[in-house]
Amino acid sequence: MSLDLGHHGDTEVAPGLIDLAVNVRHEPMPPWLAQPLMSSLSDLKAYPQAEKATAAVAARHGREPGEVLLTAGAAQGFVLLAQALRGANHPVVVHPQFTEPEAALLNAGHVVDRVLLREEDGFRLQNADVPDDADLVFVGNPTNPTSVLHPAEEIAALARPGRVLVVDEAFADTTFRPGVAGEPESLASRRDLPGLVVLRSLTKTWGLAGLRIGYLLGPADLLKRLAAAQPLWAVSTPALAAALACASPTAVAAEREIARRLADDRAHLTKRLGEVPKVTVAGAPASAFVSVRIQGADKIRLELRERGYAVRRGDTFPGLGADWLRLAVRDTATTDAFVETLTAVIEEQA
């Protein structure tokens, strides 16, 4: 439990560096999002009112408004779960994944049990590894940092009465599968699974990390408990405007097109990485990032930094180690330049 769970990719970034450390899309904001955000600034004298945005998010996922809780970023959702569910007897976090769920649980006084997915299994979920008596389970899909997308039915099989199953879908909108109209393997619209809570983020695809907007989807009675742990007016008026805009059919269609293009860029990145000696790509990447195993990754990361690239260290993710790095998917030109630099660094350190 001694890992630095509070380390995140933004720590790696500095002025002048090409950012491959943070999994946020680097593109101009579309007018349909920028205009409502700018207009919302004229309404700051009033306290935020979440009803319209909540209803829009609910409609997007085929749910009732009571099954949606807007949050100041997805990370706040982990804190609310940890605080409101202090009575959980056996919390389990499936790793490697985003470290904030475990950090929030520890800060709330929970004793956390870890389930570690294995590289030899492609970091795929193994349901049998989750203890039967676990009454609070966290799993990412697609999982940060491995970028593995687990089958929805395998995750759904973990749901049962008496258990809260939290599925972190912060990157679900980055996934794409030819022939599938929506997000492959998402459980966001499932209302039939007991205790299922799906966590979503709007900050990745739309470049809104500084605005802090996300939401939880789940049973209304459970979300009421979480809302009771949330500060008053926790979501700002501009963030609510973003949530409303990003739930529109225009936004959803744009997300799908962005995810399609991202799949091409990711395929290019994994192909180029496969040409680099001594580099192993984790699993079957399906999101906006990939994890790679390279001997001496700690030194390689620092040398890449000297040559203008920020990448995310992997040793702070439980289940990985000092030979792991996480790389954000960028455009093909950036990828080609990075891979050339990475190859040179590896050859020089051989």
# chains A, B, ... in the order shown; residues from 1 in each chain; ligands from 1
>>> select_by_dssp(residues="stretch 263-299 of chain A", states="strand (DSSP E)", output="JSON, numbers by chain")
{"A": [280, 281, 289, 290, 291, 292, 293]}
>>> write_last_selection(atoms="C-alpha atoms", output="PDB file, in the first residue's frame")
ATOM      1  CA  THR A 280       5.851  -4.664 -25.149  1.00  0.00           C
ATOM      2  CA  VAL A 281       2.369  -3.155 -25.434  1.00  0.00           C
ATOM      3  CA  PHE A 289      -3.788   5.611 -24.198  1.00  0.00           C
ATOM      4  CA  VAL A 290      -1.583   2.528 -24.133  1.00  0.00           C
ATOM      5  CA  SER A 291       0.752   1.063 -21.538  1.00  0.00           C
ATOM      6  CA  VAL A 292       4.140  -0.320 -22.501  1.00  0.00           C
ATOM      7  CA  ARG A 293       6.746  -2.397 -20.711  1.00  0.00           C
TER       8      ARG A 293
END
>>> residues_around(residues="stretch 19-33 of chain A", least_positions_apart="6", cutoff="10 Å", atoms="only C-alpha atoms", output="PyMOL selection string")
chain A and resi 8-13+144-145+171+174+203-209+241-246+248+250-251+254+258+262+287-290+308-313+325-331+334-335+338
>>> atom_distance(atom1="atom CA of A:Thr270", atom2="atom CA of A:Leu5")
27.0 Å
>>> closest_atom_pairs(of="stretch 134-240 of chain A", to="stretch 105-123 of chain A", cutoff="12 Å", atoms="only C-alpha atoms", output="Markdown table")
| residue | atom | partner | partner_atom | distance |
| --- | --- | --- | --- | --- |
| A:Ala134 | CA | A:Asp113 | CA | 8.9 |
| A:Asp135 | CA | A:Asp113 | CA | 11.2 |
| A:Leu136 | CA | A:Val112 | CA | 9.8 |
| A:Val137 | CA | A:Asp113 | CA | 9.5 |
| A:Phe138 | CA | A:Arg114 | CA | 9.8 |
| A:Val139 | CA | A:Val115 | CA | 9.7 |
| A:Gly140 | CA | A:Phe123 | CA | 11.5 |
| A:Asn141 | CA | A:Phe123 | CA | 11.7 |
| A:Pro142 | CA | A:Phe123 | CA | 11.1 |
| A:Thr143 | CA | A:Phe123 | CA | 9.2 |
| A:Asn144 | CA | A:Phe123 | CA | 11.0 |
| A:Pro145 | CA | A:Phe123 | CA | 10.3 |
| A:Thr146 | CA | A:Phe123 | CA | 7.2 |
| A:Ser147 | CA | A:Phe123 | CA | 9.3 |
| A:Val148 | CA | A:Phe123 | CA | 7.0 |
| A:Leu149 | CA | A:Phe123 | CA | 9.6 |
| A:His150 | CA | A:Phe123 | CA | 9.4 |
>>> residues_around(residues="A:Arg272", least_positions_apart="3", cutoff="9 Å", atoms="only C-alpha atoms", output="count of residues only")
8
>>> decode(residues="stretch 147-189 of chain A", atoms="C-alpha atoms", output="short mmCIF file (atom, residue, chain, number, x, y, z; two decimals), in the first residue's frame")
data_model
loop_
_atom_site.label_atom_id
_atom_site.label_comp_id
_atom_site.auth_asym_id
_atom_site.auth_seq_id
_atom_site.Cartn_x
_atom_site.Cartn_y
_atom_site.Cartn_z
CA SER A 147 -6.52 0.51 -22.08
CA VAL A 148 -8.15 -2.94 -21.93
CA LEU A 149 -11.89 -3.08 -22.67
CA HIS A 150 -13.59 -5.89 -20.75
CA PRO A 151 -16.74 -7.59 -22.07
CA ALA A 152 -19.80 -5.93 -20.55
CA GLU A 153 -21.38 -9.25 -19.66
CA GLU A 154 -18.33 -10.31 -17.65
CA ILE A 155 -18.54 -7.14 -15.58
CA ALA A 156 -22.32 -7.46 -15.29
CA ALA A 157 -21.80 -10.96 -13.85
CA LEU A 158 -20.12 -9.34 -10.83
CA ALA A 159 -23.37 -7.59 -9.83
CA ARG A 160 -25.43 -9.19 -7.07
CA PRO A 161 -27.77 -8.20 -4.23
CA GLY A 162 -25.88 -6.77 -1.28
CA ARG A 163 -22.95 -5.59 -3.40
CA VAL A 164 -22.28 -2.14 -4.89
CA LEU A 165 -20.47 -2.62 -8.19
CA VAL A 166 -18.76 0.57 -9.39
CA VAL A 167 -17.72 0.59 -13.04
CA ASP A 168 -15.42 3.45 -13.98
CA GLU A 169 -16.39 4.34 -17.56
CA ALA A 170 -14.50 7.64 -17.64
CA PHE A 171 -13.05 6.63 -21.01
CA ALA A 172 -16.04 4.74 -22.45
CA ASP A 173 -16.68 7.51 -24.96
CA THR A 174 -13.22 6.91 -26.46
CA THR A 175 -14.01 3.32 -27.45
CA PHE A 176 -15.10 2.27 -30.93
CA ARG A 177 -15.95 -0.96 -32.70
CA PRO A 178 -16.87 -1.19 -36.38
CA GLY A 179 -20.52 -2.10 -36.82
CA VAL A 180 -21.47 -1.01 -33.29
CA ALA A 181 -23.50 2.20 -33.20
CA GLY A 182 -22.75 3.19 -29.62
CA GLU A 183 -20.06 2.59 -27.04
CA PRO A 184 -19.04 -1.08 -27.07
CA GLU A 185 -19.24 -2.83 -23.69
CA SER A 186 -20.78 0.12 -21.80
CA LEU A 187 -23.19 -0.59 -18.93
CA ALA A 188 -24.33 3.02 -18.64
CA SER A 189 -27.90 2.26 -19.71
#
